[in-house]
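J.: One file is attached below, data_10.cif, containing mmCIF, N, CA and C atoms.
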data_query
#
loop_
_atom_site.group_PDB
_atom_site.id
_atom_site.type_symbol
_atom_site.label_atom_id
_atom_site.label_comp_id
_atom_site.auth_asym_id
_atom_site.auth_seq_id
_atom_site.Cartn_x
_atom_site.Cartn_y
_atom_site.Cartn_z
ATOM 1 N N MET A 730 -6.153 -11.778 -58.438
ATOM 2 C CA MET A 730 -5.722 -10.461 -58.862
ATOM 3 C C MET A 730 -6.071 -9.470 -57.757
ATOM 4 N N GLU A 731 -5.078 -8.704 -57.373
ATOM 5 C CA GLU A 731 -5.264 -7.666 -56.369
ATOM 6 C C GLU A 731 -5.182 -6.307 -57.036
ATOM 7 N N ILE A 732 -6.006 -5.396 -56.554
ATOM 8 C CA ILE A 732 -5.959 -4.010 -57.007
ATOM 9 C C ILE A 732 -5.776 -3.157 -55.763
ATOM 10 N N LYS A 733 -4.750 -2.327 -55.772
ATOM 11 C CA LYS A 733 -4.448 -1.464 -54.634
ATOM 12 C C LYS A 733 -4.209 -0.045 -55.131
ATOM 13 N N SER A 734 -4.487 0.912 -54.281
ATOM 14 C CA SER A 734 -4.218 2.304 -54.631
ATOM 15 C C SER A 734 -2.744 2.616 -54.431
ATOM 16 N N SER A 735 -2.300 3.683 -55.058
ATOM 17 C CA SER A 735 -0.902 4.079 -54.899
ATOM 18 C C SER A 735 -0.613 4.444 -53.445
ATOM 19 N N SER A 736 -1.602 4.990 -52.748
ATOM 20 C CA SER A 736 -1.383 5.319 -51.329
ATOM 21 C C SER A 736 -1.254 4.041 -50.497
ATOM 22 N N ALA A 737 -1.992 2.991 -50.855
ATOM 23 C CA ALA A 737 -1.848 1.714 -50.153
ATOM 24 C C ALA A 737 -0.453 1.140 -50.389
ATOM 25 N N LEU A 738 0.042 1.277 -51.606
ATOM 26 C CA LEU A 738 1.397 0.803 -51.899
ATOM 27 C C LEU A 738 2.416 1.585 -51.073
ATOM 28 N N ARG A 739 2.223 2.879 -51.005
ATOM 29 C CA ARG A 739 3.131 3.730 -50.239
ATOM 30 C C ARG A 739 3.074 3.406 -48.742
ATOM 31 N N ASN A 740 1.862 3.186 -48.212
ATOM 32 C CA ASN A 740 1.682 2.967 -46.771
ATOM 33 C C ASN A 740 1.877 1.528 -46.334
ATOM 34 N N ASN A 741 1.670 0.571 -47.232
ATOM 35 C CA ASN A 741 1.735 -0.850 -46.881
ATOM 36 C C ASN A 741 2.644 -1.620 -47.827
ATOM 37 N N TYR A 742 3.768 -1.016 -48.182
ATOM 38 C CA TYR A 742 4.652 -1.630 -49.166
ATOM 39 C C TYR A 742 5.037 -3.050 -48.768
ATOM 40 N N ASN A 743 5.451 -3.256 -47.529
ATOM 41 C CA ASN A 743 5.923 -4.586 -47.117
ATOM 42 C C ASN A 743 4.846 -5.648 -47.273
ATOM 43 N N ALA A 744 3.615 -5.323 -46.903
ATOM 44 C CA ALA A 744 2.516 -6.289 -47.018
ATOM 45 C C ALA A 744 2.206 -6.585 -48.486
ATOM 46 N N ILE A 745 2.193 -5.566 -49.319
ATOM 47 C CA ILE A 745 1.901 -5.762 -50.741
ATOM 48 C C ILE A 745 3.034 -6.539 -51.407
ATOM 49 N N SER A 746 4.268 -6.220 -51.052
ATOM 50 C CA SER A 746 5.408 -6.951 -51.581
ATOM 51 C C SER A 746 5.355 -8.420 -51.168
ATOM 52 N N ALA A 747 5.041 -8.676 -49.915
ATOM 53 C CA ALA A 747 4.940 -10.059 -49.428
ATOM 54 C C ALA A 747 3.834 -10.802 -50.169
ATOM 55 N N TYR A 748 2.697 -10.140 -50.390
ATOM 56 C CA TYR A 748 1.591 -10.766 -51.129
ATOM 57 C C TYR A 748 2.034 -11.124 -52.551
ATOM 58 N N ALA A 749 2.721 -10.190 -53.225
ATOM 59 C CA ALA A 749 3.160 -10.433 -54.600
ATOM 60 C C ALA A 749 4.141 -11.596 -54.656
ATOM 61 N N LYS A 750 5.038 -11.683 -53.680
ATOM 62 C CA LYS A 750 6.004 -12.781 -53.648
ATOM 63 C C LYS A 750 5.316 -14.111 -53.370
ATOM 64 N N GLN A 751 4.383 -14.108 -52.436
ATOM 65 C CA GLN A 751 3.704 -15.349 -52.048
ATOM 66 C C GLN A 751 2.773 -15.844 -53.152
ATOM 67 N N SER A 752 2.021 -14.946 -53.750
ATOM 68 C CA SER A 752 1.017 -15.341 -54.748
ATOM 69 C C SER A 752 1.606 -15.512 -56.146
ATOM 70 N N GLN A 753 2.768 -14.884 -56.403
ATOM 71 C CA GLN A 753 3.371 -14.866 -57.740
ATOM 72 C C GLN A 753 2.427 -14.242 -58.762
ATOM 73 N N GLU A 754 1.536 -13.367 -58.284
ATOM 74 C CA GLU A 754 0.582 -12.660 -59.135
ATOM 75 C C GLU A 754 0.893 -11.171 -59.097
ATOM 76 N N PRO A 755 0.601 -10.451 -60.179
ATOM 77 C CA PRO A 755 0.803 -9.002 -60.160
ATOM 78 C C PRO A 755 -0.244 -8.310 -59.296
ATOM 79 N N VAL A 756 0.130 -7.152 -58.770
ATOM 80 C CA VAL A 756 -0.788 -6.290 -58.022
ATOM 81 C C VAL A 756 -0.960 -5.031 -58.864
ATOM 82 N N PHE A 757 -2.187 -4.743 -59.234
ATOM 83 C CA PHE A 757 -2.471 -3.583 -60.062
ATOM 84 C C PHE A 757 -2.599 -2.355 -59.165
ATOM 85 N N ILE A 758 -1.925 -1.271 -59.554
ATOM 86 C CA ILE A 758 -1.892 -0.053 -58.765
ATOM 87 C C ILE A 758 -2.738 1.015 -59.465
ATOM 88 N N THR A 759 -3.574 1.689 -58.674
ATOM 89 C CA THR A 759 -4.418 2.740 -59.209
ATOM 90 C C THR A 759 -4.041 4.090 -58.608
ATOM 91 N N VAL A 760 -4.335 5.142 -59.359
ATOM 92 C CA VAL A 760 -4.213 6.517 -58.884
ATOM 93 C C VAL A 760 -5.546 7.186 -59.188
ATOM 94 N N ASN A 761 -6.188 7.678 -58.148
ATOM 95 C CA ASN A 761 -7.509 8.300 -58.290
ATOM 96 C C ASN A 761 -8.503 7.371 -58.977
ATOM 97 N N GLY A 762 -8.412 6.073 -58.664
ATOM 98 C CA GLY A 762 -9.351 5.099 -59.198
ATOM 99 C C GLY A 762 -9.060 4.615 -60.605
ATOM 100 N N GLU A 763 -8.017 5.125 -61.217
ATOM 101 C CA GLU A 763 -7.660 4.731 -62.588
ATOM 102 C C GLU A 763 -6.391 3.887 -62.566
ATOM 103 N N GLY A 764 -6.322 2.895 -63.441
ATOM 104 C CA GLY A 764 -5.138 2.056 -63.533
ATOM 105 C C GLY A 764 -3.897 2.880 -63.828
ATOM 106 N N ASP A 765 -2.802 2.584 -63.126
ATOM 107 C CA ASP A 765 -1.582 3.366 -63.304
ATOM 108 C C ASP A 765 -0.345 2.494 -63.506
ATOM 109 N N GLY A 766 -0.299 1.336 -62.867
ATOM 110 C CA GLY A 766 0.888 0.509 -62.973
ATOM 111 C C GLY A 766 0.658 -0.873 -62.410
ATOM 112 N N VAL A 767 1.711 -1.673 -62.434
ATOM 113 C CA VAL A 767 1.641 -3.044 -61.940
ATOM 114 C C VAL A 767 2.860 -3.287 -61.067
ATOM 115 N N PHE A 768 2.640 -3.892 -59.912
ATOM 116 C CA PHE A 768 3.721 -4.272 -59.013
ATOM 117 C C PHE A 768 3.770 -5.786 -58.993
ATOM 118 N N MET A 769 4.975 -6.349 -59.176
ATOM 119 C CA MET A 769 5.112 -7.801 -59.116
ATOM 120 C C MET A 769 6.478 -8.150 -58.541
ATOM 121 N N SER A 770 6.584 -9.373 -58.039
ATOM 122 C CA SER A 770 7.859 -9.805 -57.478
ATOM 123 C C SER A 770 8.881 -9.942 -58.601
ATOM 124 N N LEU A 771 10.127 -9.799 -58.244
ATOM 125 C CA LEU A 771 11.201 -9.946 -59.222
ATOM 126 C C LEU A 771 11.202 -11.347 -59.810
ATOM 127 N N GLU A 772 10.953 -12.347 -58.981
ATOM 128 C CA GLU A 772 10.914 -13.734 -59.460
ATOM 129 C C GLU A 772 9.812 -13.919 -60.507
ATOM 130 N N ALA A 773 8.617 -13.388 -60.237
ATOM 131 C CA ALA A 773 7.511 -13.510 -61.192
ATOM 132 C C ALA A 773 7.831 -12.767 -62.479
ATOM 133 N N TYR A 774 8.471 -11.612 -62.364
ATOM 134 C CA TYR A 774 8.851 -10.834 -63.542
ATOM 135 C C TYR A 774 9.845 -11.612 -64.402
ATOM 136 N N GLU A 775 10.869 -12.186 -63.755
ATOM 137 C CA GLU A 775 11.880 -12.936 -64.506
ATOM 138 C C GLU A 775 11.279 -14.163 -65.186
ATOM 139 N N LYS A 776 10.371 -14.863 -64.510
ATOM 140 C CA LYS A 776 9.695 -16.011 -65.131
ATOM 141 C C LYS A 776 8.880 -15.568 -66.336
ATOM 142 N N ARG A 777 8.183 -14.444 -66.191
ATOM 143 C CA ARG A 777 7.359 -13.920 -67.277
ATOM 144 C C ARG A 777 8.230 -13.549 -68.474
ATOM 145 N N GLU A 778 9.358 -12.907 -68.228
ATOM 146 C CA GLU A 778 10.256 -12.527 -69.308
ATOM 147 C C GLU A 778 10.807 -13.751 -70.029
ATOM 148 N N GLU A 779 11.170 -14.793 -69.285
ATOM 149 C CA GLU A 779 11.665 -16.029 -69.904
ATOM 150 C C GLU A 779 10.584 -16.677 -70.760
ATOM 151 N N LEU A 780 9.347 -16.681 -70.259
ATOM 152 C CA LEU A 780 8.234 -17.249 -71.022
ATOM 153 C C LEU A 780 8.010 -16.464 -72.308
ATOM 154 N N LEU A 781 8.064 -15.143 -72.227
ATOM 155 C CA LEU A 781 7.884 -14.325 -73.430
ATOM 156 C C LEU A 781 9.008 -14.560 -74.435
ATOM 157 N N LYS A 782 10.230 -14.715 -73.945
ATOM 158 C CA LYS A 782 11.360 -14.986 -74.829
ATOM 159 C C LYS A 782 11.179 -16.342 -75.520
ATOM 160 N N LEU A 783 10.759 -17.354 -74.761
ATOM 161 C CA LEU A 783 10.527 -18.677 -75.329
ATOM 162 C C LEU A 783 9.417 -18.638 -76.371
ATOM 163 N N ARG A 784 8.331 -17.930 -76.069
ATOM 164 C CA ARG A 784 7.235 -17.810 -77.037
ATOM 165 C C ARG A 784 7.699 -17.133 -78.319
ATOM 166 N N ALA A 785 8.547 -16.119 -78.197
ATOM 167 C CA ALA A 785 9.064 -15.434 -79.381
ATOM 168 C C ALA A 785 9.917 -16.375 -80.215
ATOM 169 N N GLN A 786 10.727 -17.213 -79.561
ATOM 170 C CA GLN A 786 11.557 -18.172 -80.289
ATOM 171 C C GLN A 786 10.693 -19.201 -81.006
ATOM 172 N N ILE A 787 9.644 -19.663 -80.345
ATOM 173 C CA ILE A 787 8.740 -20.641 -80.966
ATOM 174 C C ILE A 787 8.030 -20.020 -82.157
ATOM 175 N N LEU A 788 7.574 -18.778 -81.991
ATOM 176 C CA LEU A 788 6.895 -18.090 -83.092
ATOM 177 C C LEU A 788 7.834 -17.906 -84.281
ATOM 178 N N LEU A 789 9.067 -17.527 -84.027
ATOM 179 C CA LEU A 789 10.042 -17.367 -85.100
ATOM 180 C C LEU A 789 10.281 -18.688 -85.822
ATOM 181 N N ALA A 790 10.462 -19.763 -85.055
ATOM 182 C CA ALA A 790 10.683 -21.081 -85.670
ATOM 183 C C ALA A 790 9.469 -21.495 -86.496
ATOM 184 N N GLU A 791 8.284 -21.232 -86.009
ATOM 185 C CA GLU A 791 7.065 -21.597 -86.749
ATOM 186 C C GLU A 791 6.940 -20.776 -88.027
ATOM 187 N N GLU A 792 7.264 -19.489 -87.954
ATOM 188 C CA GLU A 792 7.229 -18.655 -89.160
ATOM 189 C C GLU A 792 8.248 -19.146 -90.189
ATOM 190 N N GLN A 793 9.443 -19.513 -89.723
ATOM 191 C CA GLN A 793 10.456 -20.032 -90.639
ATOM 192 C C GLN A 793 9.991 -21.332 -91.286
ATOM 193 N N ARG A 794 9.330 -22.192 -90.508
ATOM 194 C CA ARG A 794 8.810 -23.442 -91.058
ATOM 195 C C ARG A 794 7.763 -23.161 -92.126
ATOM 196 N N ILE A 795 6.866 -22.233 -91.843
ATOM 197 C CA ILE A 795 5.804 -21.895 -92.796
ATOM 198 C C ILE A 795 6.388 -21.381 -94.102
ATOM 199 N N TYR A 796 7.467 -20.623 -94.010
ATOM 200 C CA TYR A 796 8.072 -20.043 -95.206
ATOM 201 C C TYR A 796 9.150 -20.922 -95.834
ATOM 202 N N GLY A 797 9.163 -22.206 -95.453
ATOM 203 C CA GLY A 797 9.986 -23.164 -96.175
ATOM 204 C C GLY A 797 11.303 -23.564 -95.560
ATOM 205 N N ALA A 798 11.568 -23.178 -94.330
ATOM 206 C CA ALA A 798 12.830 -23.599 -93.703
ATOM 207 C C ALA A 798 12.852 -25.110 -93.559
ATOM 208 N N LYS A 799 14.037 -25.679 -93.661
ATOM 209 C CA LYS A 799 14.195 -27.126 -93.534
ATOM 210 C C LYS A 799 13.815 -27.548 -92.108
ATOM 211 N N THR A 800 13.071 -28.621 -91.997
ATOM 212 C CA THR A 800 12.679 -29.168 -90.697
ATOM 213 C C THR A 800 13.152 -30.609 -90.582
ATOM 214 N N ILE A 801 13.113 -31.117 -89.359
ATOM 215 C CA ILE A 801 13.465 -32.519 -89.144
ATOM 216 C C ILE A 801 12.346 -33.172 -88.341
ATOM 217 N N SER A 802 12.265 -34.484 -88.447
ATOM 218 C CA SER A 802 11.240 -35.232 -87.723
ATOM 219 C C SER A 802 11.659 -35.403 -86.259
ATOM 220 N N ILE A 803 10.738 -35.842 -85.444
ATOM 221 C CA ILE A 803 11.034 -36.109 -84.034
ATOM 222 C C ILE A 803 12.105 -37.185 -83.936
ATOM 223 N N GLN A 804 11.995 -38.217 -84.771
ATOM 224 C CA GLN A 804 12.994 -39.298 -84.770
ATOM 225 C C GLN A 804 14.380 -38.758 -85.111
ATOM 226 N N GLU A 805 14.461 -37.888 -86.098
ATOM 227 C CA GLU A 805 15.751 -37.299 -86.469
ATOM 228 C C GLU A 805 16.304 -36.440 -85.326
ATOM 229 N N ALA A 806 15.446 -35.726 -84.648
ATOM 230 C CA ALA A 806 15.884 -34.907 -83.510
ATOM 231 C C ALA A 806 16.404 -35.791 -82.381
ATOM 232 N N ARG A 807 15.707 -36.886 -82.099
ATOM 233 C CA ARG A 807 16.155 -37.825 -81.056
ATOM 234 C C ARG A 807 17.523 -38.405 -81.403
ATOM 235 N N GLU A 808 17.687 -38.788 -82.652
ATOM 236 C CA GLU A 808 18.970 -39.341 -83.101
ATOM 237 C C GLU A 808 20.084 -38.306 -82.954
ATOM 238 N N ALA A 809 19.805 -37.072 -83.320
ATOM 239 C CA ALA A 809 20.804 -36.010 -83.195
ATOM 240 C C ALA A 809 21.193 -35.796 -81.745
ATOM 241 N N LEU A 810 20.214 -35.860 -80.846
ATOM 242 C CA LEU A 810 20.505 -35.699 -79.409
ATOM 243 C C LEU A 810 21.323 -36.874 -78.876
ATOM 244 N N LYS A 811 21.018 -38.094 -79.332
ATOM 245 C CA LYS A 811 21.767 -39.262 -78.885
ATOM 246 C C LYS A 811 23.225 -39.178 -79.324
ATOM 247 N N ASN A 812 23.436 -38.628 -80.520
ATOM 248 C CA ASN A 812 24.789 -38.555 -81.081
ATOM 249 C C ASN A 812 25.643 -37.418 -80.526
ATOM 250 N N ARG A 813 25.068 -36.595 -79.689
ATOM 251 C CA ARG A 813 25.845 -35.479 -79.103
ATOM 252 C C ARG A 813 26.789 -35.938 -78.076
#
Using the file provided, produce a representation of the structure as structure tokens.

T.:
Amino acid sequence: MEIKSSSALRNNYNAISAYAKQSQEPVFITVNGEGDGVFMSLEAYEKREELLKLRAQILLAEEQRIYGAKTISIQEAREALKNR
């Protein structure tokens, strides 16, 4: 995890951008020593969004199962995939 000031982002954008792309980690930006924002590569952002979307789908499916939605076994799922 990197923490950089907003002036560092302004003065060293290319280096910070390269670090974010290489590390695939967010860079936390501060203003006057206080947290203000997060800079991350577009690739890391898109991966994070896909992961959040997948987690939401899993949570929805689990909630539906808990509240009585019809489920199928692993064997039934395999058979359905084979028959496609």

J.: I'd like the interatomic distance between CA of Gln804 in chain A and atom N of Glu792 in chain A, to a tenth of an Å.

T.: 20.9 Å

J.: Which of these, A:Ile795, A:Arg784, A:Phe757, A:Lys750, has the shortest distance to Leu771 in chain A once you count all atoms listed in the file?

T.: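 Going through A:Ile795, A:Arg784, A:Phe757, A:Lys750 one by one, the smallest distance to Leu771 in chain A is for A:Lys750.
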
J.: Restricting the calculation to only C-alpha atoms: of A:Glu791, A:Glu731, A:Glu805, A:Glu754, which residue gets closest to Tyr774 in chain A?

T.: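 Counting only C-alpha atoms, the residue closest to Tyr774 in chain A is A:Glu754.
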
J.: For CA of Asn743 in chain A and CA of Glu779 in chain A, determine how far apart the two atoms are, in Å to one decimal place.

T.: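 These two atoms are separated by 26.1 Å.
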
J.: Report as a ChimeraX atom specification: the residues of chain A with a DSSP assignment of alpha helix (DSSP H), based on the backbone of this structure.

T.: /A:735-740,742-752,771-795,803-811

J.: Using all atoms listed in the file, can you tell me which of A:Ile787, A:Ser770, A:Leu780, A:Arg807 comes closest to Gln753 in chain A?

T.: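 When distances to Gln753 in chain A are compared using all atoms listed in the file, the smallest one comes from A:Ser770.
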
J.: Please, what is the axis-aligned box for every listed atom of range 780-793 of chain A with 5 Å on each side, as centre and edge lengths in Å to one decimal, as lines of an AutoDock Vina configuration file?

T.:
center_x = 9.2
center_y = -18.0
center_z = -80.8
size_x = 14.7
size_y = 17.3
size_z = 31.0

J.: Applying 8 Å and only C-alpha atoms, which residues near Val767 in chain A remain after dropping the ones on its own chain fewer than 5 positions away? List them as a PyMOL selection string.

T.: chain A and resi 755-758

J.: List as a list in words the protein and nucleic acid residues near Ser746 in chain A, meaning an atom at most 8 Å away when all atoms listed in the file are counted, but skip any in the same chain fewer than 6 places from it.

T.: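 Counting all atoms listed in the file, the residues come to Leu738, Ser752, Phe768, Met769 and Ser770 of chain A.
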
J.: Quick one: distance from atom N of Glu772 in chain A to atom N of Lys733 in chain A in Å, one decimal?

T.: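 Separation of atom N of Glu772 in chain A and atom N of Lys733 in chain A: 18.9 Å.
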
J.: Which one is closest to Ile732 in chain A: A:Ser802, A:Tyr796, A:Ala809, A:Thr759? Count only N, CA and C atoms.

T.: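 Of A:Ser802, A:Tyr796, A:Ala809, A:Thr759, the one nearest Ile732 in chain A, counting only N, CA and C atoms, is A:Thr759.
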
J.: Could you pull out the strand (DSSP E) residues of chain A, going by DSSP on the backbone, and write them as an MDAnalysis selection string?

T.: chainID A and resid 731:734 756:760 763:768

J.: Mind dumping the selected residues with N, CA and C atoms as a compact mmCIF listing (two decimals), in the coordinates of the input?

T.:
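Output saved as out-v2.txt:
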# COMPACT_ATOMS: atom_id res chain seq x y z
N GLU A 731 -5.08 -8.70 -57.37
CA GLU A 731 -5.26 -7.67 -56.37
C GLU A 731 -5.18 -6.31 -57.04
N ILE A 732 -6.01 -5.40 -56.55
CA ILE A 732 -5.96 -4.01 -57.01
C ILE A 732 -5.78 -3.16 -55.76
N LYS A 733 -4.75 -2.33 -55.77
CA LYS A 733 -4.45 -1.46 -54.63
C LYS A 733 -4.21 -0.04 -55.13
N SER A 734 -4.49 0.91 -54.28
CA SER A 734 -4.22 2.30 -54.63
C SER A 734 -2.74 2.62 -54.43
N VAL A 756 0.13 -7.15 -58.77
CA VAL A 756 -0.79 -6.29 -58.02
C VAL A 756 -0.96 -5.03 -58.86
N PHE A 757 -2.19 -4.74 -59.23
CA PHE A 757 -2.47 -3.58 -60.06
C PHE A 757 -2.60 -2.36 -59.16
N ILE A 758 -1.92 -1.27 -59.55
CA ILE A 758 -1.89 -0.05 -58.76
C ILE A 758 -2.74 1.01 -59.46
N THR A 759 -3.57 1.69 -58.67
CA THR A 759 -4.42 2.74 -59.21
C THR A 759 -4.04 4.09 -58.61
N VAL A 760 -4.34 5.14 -59.36
CA VAL A 760 -4.21 6.52 -58.88
C VAL A 760 -5.55 7.19 -59.19
N GLU A 763 -8.02 5.12 -61.22
CA GLU A 763 -7.66 4.73 -62.59
C GLU A 763 -6.39 3.89 -62.57
N GLY A 764 -6.32 2.90 -63.44
CA GLY A 764 -5.14 2.06 -63.53
C GLY A 764 -3.90 2.88 -63.83
N ASP A 765 -2.80 2.58 -63.13
CA ASP A 765 -1.58 3.37 -63.30
C ASP A 765 -0.34 2.49 -63.51
N GLY A 766 -0.30 1.34 -62.87
CA GLY A 766 0.89 0.51 -62.97
C GLY A 766 0.66 -0.87 -62.41
N VAL A 767 1.71 -1.67 -62.43
CA VAL A 767 1.64 -3.04 -61.94
C VAL A 767 2.86 -3.29 -61.07
N PHE A 768 2.64 -3.89 -59.91
CA PHE A 768 3.72 -4.27 -59.01
C PHE A 768 3.77 -5.79 -58.99
